[in-house]
$ cat final-v3.pdb   # PDB, C-alpha atoms, pLDDT in the B column
ATOM      1  CA  MET A 152     108.082  80.788 113.178  1.00 67.00           C
ATOM      2  CA  ASN A 153     106.789  84.230 114.189  1.00 87.00           C
ATOM      3  CA  GLN A 154     109.655  85.799 112.234  1.00 93.00           C
ATOM      4  CA  THR A 155     108.578  83.836 109.156  1.00 94.00           C
ATOM      5  CA  LEU A 156     104.938  84.858 109.540  1.00 96.00           C
ATOM      6  CA  ALA A 157     105.905  88.526 109.899  1.00 96.00           C
ATOM      7  CA  ALA A 158     108.124  88.252 106.815  1.00 97.00           C
ATOM      8  CA  PHE A 159     105.280  86.554 104.934  1.00 97.00           C
ATOM      9  CA  ASP A 160     102.933  89.409 105.847  1.00 98.00           C
ATOM     10  CA  ALA A 161     105.464  92.025 104.714  1.00 98.00           C
ATOM     11  CA  ILE A 162     106.036  90.284 101.376  1.00 98.00           C
ATOM     12  CA  ILE A 163     102.331  89.793 100.712  1.00 98.00           C
ATOM     13  CA  MET A 164     101.724  93.479 101.525  1.00 98.00           C
ATOM     14  CA  GLU A 165     104.418  94.422  98.988  1.00 98.00           C
ATOM     15  CA  CYS A 166     102.864  92.115  96.386  1.00 98.00           C
ATOM     16  CA  GLN A 167      99.381  93.376  97.183  1.00 98.00           C
ATOM     17  CA  ASP A 168     100.502  96.986  96.816  1.00 98.00           C
ATOM     18  CA  ILE A 169     101.707  96.197  93.298  1.00 98.00           C
ATOM     19  CA  PHE A 170      98.474  94.294  92.568  1.00 98.00           C
ATOM     20  CA  VAL A 171      96.380  97.288  93.683  1.00 98.00           C
ATOM     21  CA  LYS A 172      98.436  99.783  91.667  1.00 98.00           C
ATOM     22  CA  LYS A 173      98.319  97.630  88.535  1.00 97.00           C
ATOM     23  CA  THR A 174      94.579  97.214  89.000  1.00 97.00           C
ATOM     24  CA  LYS A 175      94.309 101.005  88.990  1.00 96.00           C
ATOM     25  CA  ASP A 176      96.448 101.175  85.832  1.00 97.00           C
ATOM     26  CA  TYR A 177      94.952  98.245  83.910  1.00 96.00           C
ATOM     27  CA  GLY A 178      91.686  97.407  85.608  1.00 95.00           C
ATOM     28  CA  THR A 179      91.033  93.690  85.907  1.00 95.00           C
ATOM     29  CA  ALA A 180      92.144  92.824  82.373  1.00 93.00           C
ATOM     30  CA  TRP A 181      93.862  89.711  83.840  1.00 95.00           C
ATOM     31  CA  ARG A 182      90.390  88.233  84.394  1.00 94.00           C
ATOM     32  CA  ILE A 183      90.240  87.370  80.691  1.00 92.00           C
ATOM     33  CA  LEU A 184      93.159  84.949  81.114  1.00 93.00           C
ATOM     34  CA  ARG A 185      92.440  81.268  81.390  1.00 91.00           C
ATOM     35  CA  PRO A 186      94.329  79.471  84.176  1.00 90.00           C
ATOM     36  CA  ALA A 187      96.620  77.832  81.601  1.00 95.00           C
ATOM     37  CA  SER A 188      97.665  81.278  80.366  1.00 96.00           C
ATOM     38  CA  LEU A 189      98.483  82.300  83.925  1.00 97.00           C
ATOM     39  CA  THR A 190     100.477  79.079  84.330  1.00 98.00           C
ATOM     40  CA  ASP A 191     102.510  80.005  81.259  1.00 98.00           C
ATOM     41  CA  GLN A 192     103.087  83.538  82.573  1.00 98.00           C
ATOM     42  CA  ILE A 193     104.377  82.113  85.874  1.00 98.00           C
ATOM     43  CA  PHE A 194     106.532  79.661  83.911  1.00 98.00           C
ATOM     44  CA  ILE A 195     108.153  82.530  81.970  1.00 97.00           C
ATOM     45  CA  LYS A 196     109.030  84.299  85.215  1.00 97.00           C
ATOM     46  CA  ALA A 197     110.420  81.143  86.824  1.00 98.00           C
ATOM     47  CA  LYS A 198     112.520  80.379  83.726  1.00 97.00           C
ATOM     48  CA  ARG A 199     113.943  83.917  83.807  1.00 95.00           C
ATOM     49  CA  ILE A 200     114.880  83.455  87.472  1.00 96.00           C
ATOM     50  CA  ARG A 201     116.612  80.187  86.643  1.00 96.00           C
ATOM     51  CA  ASN A 202     118.466  81.880  83.794  1.00 94.00           C
ATOM     52  CA  LEU A 203     119.537  84.717  86.109  1.00 93.00           C
ATOM     53  CA  GLN A 204     120.838  82.129  88.547  1.00 94.00           C
ATOM     54  CA  SER A 205     122.813  80.361  85.794  1.00 92.00           C
ATOM     55  CA  ASN A 206     124.035  83.176  83.539  1.00 84.00           C
ATOM     56  CA  GLN A 207     126.951  85.453  84.187  1.00 75.00           C
ATOM     57  CA  GLU A 208     125.462  88.313  82.203  1.00 79.00           C
ATOM     58  CA  GLN A 209     122.116  90.013  82.840  1.00 76.00           C
ATOM     59  CA  LYS A 210     120.681  92.210  80.077  1.00 82.00           C
ATOM     60  CA  VAL A 211     117.436  93.344  81.755  1.00 84.00           C
ATOM     61  CA  GLU A 212     117.872  95.341  84.949  1.00 82.00           C
ATOM     62  CA  GLU A 213     115.031  93.806  86.955  1.00 83.00           C
ATOM     63  CA  GLY A 214     116.278  91.198  89.390  1.00 89.00           C
ATOM     64  CA  MET A 215     114.942  87.974  90.807  1.00 95.00           C
ATOM     65  CA  ASP A 216     112.900  89.741  93.464  1.00 96.00           C
ATOM     66  CA  VAL A 217     110.644  91.378  90.872  1.00 97.00           C
ATOM     67  CA  GLU A 218     110.094  88.026  89.188  1.00 98.00           C
ATOM     68  CA  PHE A 219     109.249  86.262  92.470  1.00 98.00           C
ATOM     69  CA  ILE A 220     106.708  89.013  93.216  1.00 98.00           C
ATOM     70  CA  GLY A 221     105.242  88.434  89.753  1.00 98.00           C
ATOM     71  CA  ILE A 222     105.044  84.709  90.431  1.00 98.00           C
ATOM     72  CA  ILE A 223     103.159  85.338  93.662  1.00 98.00           C
ATOM     73  CA  ASN A 224     100.700  87.745  92.061  1.00 98.00           C
ATOM     74  CA  TYR A 225     100.057  85.623  88.979  1.00 98.00           C
ATOM     75  CA  ALA A 226      99.595  82.496  91.113  1.00 98.00           C
ATOM     76  CA  LEU A 227      97.109  84.366  93.303  1.00 98.00           C
ATOM     77  CA  MET A 228      95.285  85.434  90.146  1.00 98.00           C
ATOM     78  CA  ALA A 229      95.230  81.805  88.995  1.00 97.00           C
ATOM     79  CA  LEU A 230      93.707  80.709  92.308  1.00 97.00           C
ATOM     80  CA  ILE A 231      91.071  83.424  91.932  1.00 97.00           C
ATOM     81  CA  GLN A 232      90.322  82.293  88.380  1.00 95.00           C
ATOM     82  CA  LEU A 233      89.888  78.697  89.555  1.00 95.00           C
ATOM     83  CA  LYS A 234      87.336  79.712  92.187  1.00 95.00           C
ATOM     84  CA  HIS A 235      85.670  82.532  90.260  1.00 94.00           C
ATOM     85  CA  PRO A 236      85.896  81.804  86.532  1.00 90.00           C
ATOM     86  CA  PRO A 237      85.121  84.858  84.436  1.00 79.00           C
ATOM     87  CA  VAL A 238      82.280  84.910  81.974  1.00 73.00           C
ATOM     88  CA  ASP A 239      83.646  85.287  78.425  1.00 75.00           C
ATOM     89  CA  THR A 240      81.492  88.317  77.748  1.00 73.00           C
ATOM     90  CA  GLU A 241      82.254  90.105  81.023  1.00 77.00           C
ATOM     91  CA  TYR A 242      85.658  89.750  82.608  1.00 80.00           C
ATOM     92  CA  ARG A 243      85.744  93.076  84.424  1.00 85.00           C
ATOM     93  CA  ILE A 244      85.069  93.138  88.130  1.00 91.00           C
ATOM     94  CA  ASP A 245      85.139  95.877  90.706  1.00 93.00           C
ATOM     95  CA  ALA A 246      88.656  96.618  92.021  1.00 95.00           C
ATOM     96  CA  ASP A 247      87.429  96.151  95.595  1.00 96.00           C
ATOM     97  CA  GLN A 248      86.085  92.695  94.717  1.00 96.00           C
ATOM     98  CA  ALA A 249      89.413  91.749  93.117  1.00 96.00           C
ATOM     99  CA  LEU A 250      91.270  92.891  96.230  1.00 98.00           C
ATOM    100  CA  HIS A 251      88.862  90.980  98.484  1.00 98.00           C
ATOM    101  CA  TRP A 252      89.478  87.771  96.536  1.00 98.00           C
ATOM    102  CA  TYR A 253      93.232  88.448  96.564  1.00 98.00           C
ATOM    103  CA  GLU A 254      93.244  88.898 100.350  1.00 98.00           C
ATOM    104  CA  GLU A 255      91.071  85.818 100.812  1.00 98.00           C
ATOM    105  CA  GLU A 256      93.516  83.658  98.845  1.00 98.00           C
ATOM    106  CA  ALA A 257      96.553  85.180 100.588  1.00 98.00           C
ATOM    107  CA  THR A 258      95.014  84.386 103.983  1.00 98.00           C
ATOM    108  CA  GLY A 259      94.550  80.755 102.956  1.00 97.00           C
ATOM    109  CA  ILE A 260      98.151  80.590 101.761  1.00 97.00           C
ATOM    110  CA  LYS A 261      99.408  81.956 105.084  1.00 97.00           C
ATOM    111  CA  GLN A 262      97.407  79.327 106.982  1.00 97.00           C
ATOM    112  CA  LEU A 263      98.907  76.625 104.767  1.00 96.00           C
ATOM    113  CA  LEU A 264     102.389  78.035 105.346  1.00 96.00           C
ATOM    114  CA  GLU A 265     101.832  77.922 109.119  1.00 95.00           C
ATOM    115  CA  ARG A 266     100.770  74.270 109.043  1.00 95.00           C
ATOM    116  CA  LYS A 267     103.511  73.096 106.696  1.00 93.00           C
ATOM    117  CA  ASN A 268     106.198  75.210 108.345  1.00 91.00           C
ATOM    118  CA  HIS A 269     105.291  73.658 111.688  1.00 90.00           C
ATOM    119  CA  ASP A 270     105.445  70.109 110.357  1.00 94.00           C
ATOM    120  CA  TYR A 271     108.618  70.626 108.310  1.00 94.00           C
ATOM    121  CA  GLY A 272     110.410  72.692 110.947  1.00 92.00           C
ATOM    122  CA  GLU A 273     111.279  75.552 108.580  1.00 93.00           C
ATOM    123  CA  ALA A 274     113.424  73.217 106.471  1.00 95.00           C
ATOM    124  CA  TRP A 275     113.198  75.767 103.639  1.00 95.00           C
ATOM    125  CA  ARG A 276     115.674  77.965 105.541  1.00 94.00           C
ATOM    126  CA  ASP A 277     118.383  75.393 104.766  1.00 96.00           C
ATOM    127  CA  MET A 278     117.458  75.188 101.092  1.00 96.00           C
ATOM    128  CA  ARG A 279     119.075  77.087  98.265  1.00 97.00           C
ATOM    129  CA  ILE A 280     117.056  79.662  96.336  1.00 97.00           C
ATOM    130  CA  ALA A 281     118.047  77.815  93.149  1.00 97.00           C
ATOM    131  CA  SER A 282     116.523  74.587  94.515  1.00 97.00           C
ATOM    132  CA  MET A 283     113.284  76.343  95.363  1.00 98.00           C
ATOM    133  CA  THR A 284     113.264  77.832  91.854  1.00 98.00           C
ATOM    134  CA  ASP A 285     113.569  74.311  90.462  1.00 98.00           C
ATOM    135  CA  LEU A 286     110.705  73.168  92.695  1.00 98.00           C
ATOM    136  CA  ILE A 287     108.559  76.034  91.383  1.00 98.00           C
ATOM    137  CA  LEU A 288     109.351  74.932  87.818  1.00 98.00           C
ATOM    138  CA  MET A 289     108.528  71.309  88.683  1.00 98.00           C
ATOM    139  CA  LYS A 290     105.188  72.389  90.193  1.00 98.00           C
ATOM    140  CA  LEU A 291     104.465  74.354  87.002  1.00 98.00           C
ATOM    141  CA  LEU A 292     105.173  71.295  84.866  1.00 98.00           C
ATOM    142  CA  ARG A 293     102.816  69.311  87.100  1.00 97.00           C
ATOM    143  CA  ILE A 294     100.153  71.996  86.680  1.00 98.00           C
ATOM    144  CA  LYS A 295     100.579  71.849  82.892  1.00 97.00           C
ATOM    145  CA  GLU A 296     100.067  68.076  82.971  1.00 97.00           C
ATOM    146  CA  ILE A 297      96.948  68.445  85.112  1.00 97.00           C
ATOM    147  CA  GLU A 298      95.636  71.179  82.795  1.00 96.00           C
ATOM    148  CA  ASP A 299      96.328  68.965  79.767  1.00 95.00           C
ATOM    149  CA  ASN A 300      94.341  66.213  81.523  1.00 94.00           C
ATOM    150  CA  ALA A 301      91.325  68.538  81.930  1.00 91.00           C
ATOM    151  CA  GLY A 302      92.068  68.985  85.646  1.00 90.00           C
ATOM    152  CA  PHE A 303      91.819  65.296  86.532  1.00 90.00           C
ATOM    153  CA  THR A 304      94.251  63.523  88.846  1.00 92.00           C
ATOM    154  CA  LEU A 305      94.171  59.978  90.144  1.00 93.00           C
ATOM    155  CA  ILE A 306      96.053  60.458  93.385  1.00 94.00           C
ATOM    156  CA  SER A 307      97.875  63.766  93.222  1.00 93.00           C
ATOM    157  CA  GLU A 308      97.059  67.216  94.548  1.00 93.00           C
ATOM    158  CA  GLY A 309      95.101  69.448  92.241  1.00 95.00           C
ATOM    159  CA  LEU A 310      95.843  72.755  90.601  1.00 97.00           C
ATOM    160  CA  ASP A 311      95.092  74.857  93.663  1.00 96.00           C
ATOM    161  CA  ALA A 312      97.538  72.997  95.934  1.00 96.00           C
ATOM    162  CA  ASN A 313     100.302  73.372  93.371  1.00 97.00           C
ATOM    163  CA  TYR A 314      99.683  77.121  92.965  1.00 98.00           C
ATOM    164  CA  GLN A 315      99.656  77.477  96.753  1.00 98.00           C
ATOM    165  CA  ASP A 316     103.001  75.686  97.052  1.00 97.00           C
ATOM    166  CA  ILE A 317     104.450  77.886  94.303  1.00 98.00           C
ATOM    167  CA  ILE A 318     103.415  80.993  96.222  1.00 98.00           C
ATOM    168  CA  ASN A 319     104.982  79.733  99.436  1.00 97.00           C
ATOM    169  CA  TYR A 320     108.248  78.816  97.682  1.00 98.00           C
ATOM    170  CA  ALA A 321     108.349  82.263  96.077  1.00 98.00           C
ATOM    171  CA  VAL A 322     107.734  83.887  99.478  1.00 98.00           C
ATOM    172  CA  PHE A 323     110.531  81.799 100.991  1.00 97.00           C
ATOM    173  CA  CYS A 324     112.876  82.891  98.198  1.00 98.00           C
ATOM    174  CA  LEU A 325     112.021  86.548  98.790  1.00 98.00           C
ATOM    175  CA  ILE A 326     112.583  86.128 102.533  1.00 97.00           C
ATOM    176  CA  LYS A 327     116.007  84.623 101.853  1.00 96.00           C
ATOM    177  CA  LEU A 328     116.866  87.358  99.339  1.00 96.00           C
ATOM    178  CA  LYS A 329     115.892  90.075 101.831  1.00 93.00           C
ATOM    179  CA  GLU A 330     117.614  88.434 104.823  1.00 90.00           C
ATOM    180  CA  HIS A 331     120.843  87.994 102.894  1.00 84.00           C
ATOM    181  CA  ASP A 332     120.473  91.232 100.888  1.00 74.00           C
ATOM    182  CA  ILE A 333     121.035  89.388  97.603  1.00 58.00           C
TER     183      ILE A 333
END
$ encode --input "final-v3.pdb" --output "structure tokens"
Amino acid sequence: MNQTLAAFDAIIMECQDIFVKKTKDYGTAWRILRPASLTDQIFIKAKRIRNLQSNQEQKVEEGMDVEFIGIINYALMALIQLKHPPVDTEYRIDADQALHWYEEEATGIKQLLERKNHDYGEAWRDMRIASMTDLILMKLLRIKEIEDNAGFTLISEGLDANYQDIINYAVFCLIKLKEHDI
């Protein structure tokens, strides 16, 4: 478990580094995106990963790792947008505030990972990356249904829980890719 938590921290630091650098390049332009737009962006990345896993030929040099990092960052942005919706006339926020919210969400995700990893006994280590990719896609389809139903569920987890699970699956995939140097 400690190995998993250390790997989680390393991956989140890598993702955060990219988030910070892109914030310097682009500002907080992502704040204008509605959660559904972020869901679609994550969906595109997950579909590309699935295609990379299925196709023999790859025409764009970036690998699965870059896409999983994108999934993590976009899902963290979606969680931020759910908690701190932007005002249509002012979507810009201070870079330090964006980073604070990012770190706050990442801390919550790590705590969730600890609890679930304890209860499930690190079962993800015996899963295939392709299966976790499929689970990410399934979670995205669930999110789309919830979004189409104006956020209402009768018995199921909400948007935030699904984004959190997506982040943890993407982290697990990156851990497996790094451990097996794929």
$ resolve_selection --input "final-v3.pdb" --expression "the PyMOL selection byres ((chain A and resi 263) around 12)" --output "ChimeraX atom specification"
/A:156,159,256-262,264-271,311-320
$ residues_around --input "final-v3.pdb" --residues "Tyr242 of chain A" --least-positions-apart "4" --cutoff "8 Å" --atoms "all atoms listed in the file" --output "PyMOL selection string"
chain A and resi 179-180+182-183+237-238
$ write_last_selection --input "final-v3.pdb" --atoms "C-alpha atoms" --output "compact mmCIF listing (two decimals), in the frame of the given file"
# COMPACT_ATOMS: atom_id res chain seq x y z
CA THR A 179 91.03 93.69 85.91
CA ALA A 180 92.14 92.82 82.37
CA ARG A 182 90.39 88.23 84.39
CA ILE A 183 90.24 87.37 80.69
CA PRO A 237 85.12 84.86 84.44
CA VAL A 238 82.28 84.91 81.97
$ resolve_selection --input "final-v3.pdb" --expression "the PyMOL selection byres ((chain A and resi 279-290) around 8)" --output "MDAnalysis selection string"
chainID A and resid 194 197:198 200:201 204 277:278 291:294 313:314 316:317 320:321 324 327
$ resolve_selection --input "final-v3.pdb" --expression "the PyMOL selection byres ((chain A and resi 225) around 10)" --output "list in words"
Phe170, Trp181, Pro186, Ser188, Leu189, Thr190, Asp191, Gln192, Ile193, Lys196, Phe219, Ile220, Gly221, Ile222, Ile223, Asn224, Ala226, Leu227, Met228, Ala229, Leu230, Ile231, Tyr314 and Ile318 of chain A
$ residues_near_point --input "final-v3.pdb" --point "(123.7, 85.2, 90.2)" --cutoff "12 Å" --atoms "all atoms listed in the file" --output "VMD selection string"
chain A and resid 199 to 209 214 to 215 280 to 281 328 333
$ closest_residue --input "final-v3.pdb" --among "A:Glu298, A:Asp245, A:Glu308, A:Glu255" --to "Gly178 of chain A" --atoms "only C-alpha atoms"
A:Asp245
$ atom_distance --input "final-v3.pdb" --atom1 "atom CA of Asp299 of chain A" --atom2 "atom CA of Thr240 of chain A"
24.5 Å
$ closest_residue --input "final-v3.pdb" --among "A:Tyr253, A:Glu212, A:His235, A:Cys166" --to "Val322 of chain A" --atoms "only C-alpha atoms"
A:Cys166
$ residues_around --input "final-v3.pdb" --residues "Ile326 of chain A" --least-positions-apart "6" --cutoff "9 Å" --atoms "only C-alpha atoms" --output "PDB file with C-alpha atoms, in the frame of the given file"
ATOM      1  CA  THR A 155     108.578  83.836 109.156  1.00 94.00           C
ATOM      2  CA  ALA A 158     108.124  88.252 106.815  1.00 97.00           C
ATOM      3  CA  PHE A 159     105.280  86.554 104.934  1.00 97.00           C
ATOM      4  CA  ILE A 162     106.036  90.284 101.376  1.00 98.00           C
TER       5      ILE A 162
END
$ axis_aligned_box --input "final-v3.pdb" --around "segment 228-244 of chain A" --padding-each-side "4 Å" --output "AutoDock Vina command-line options"
--center_x 88.4 --center_y 85.9 --center_z 85.0 --size_x 21.8 --size_y 22.4 --size_z 22.6
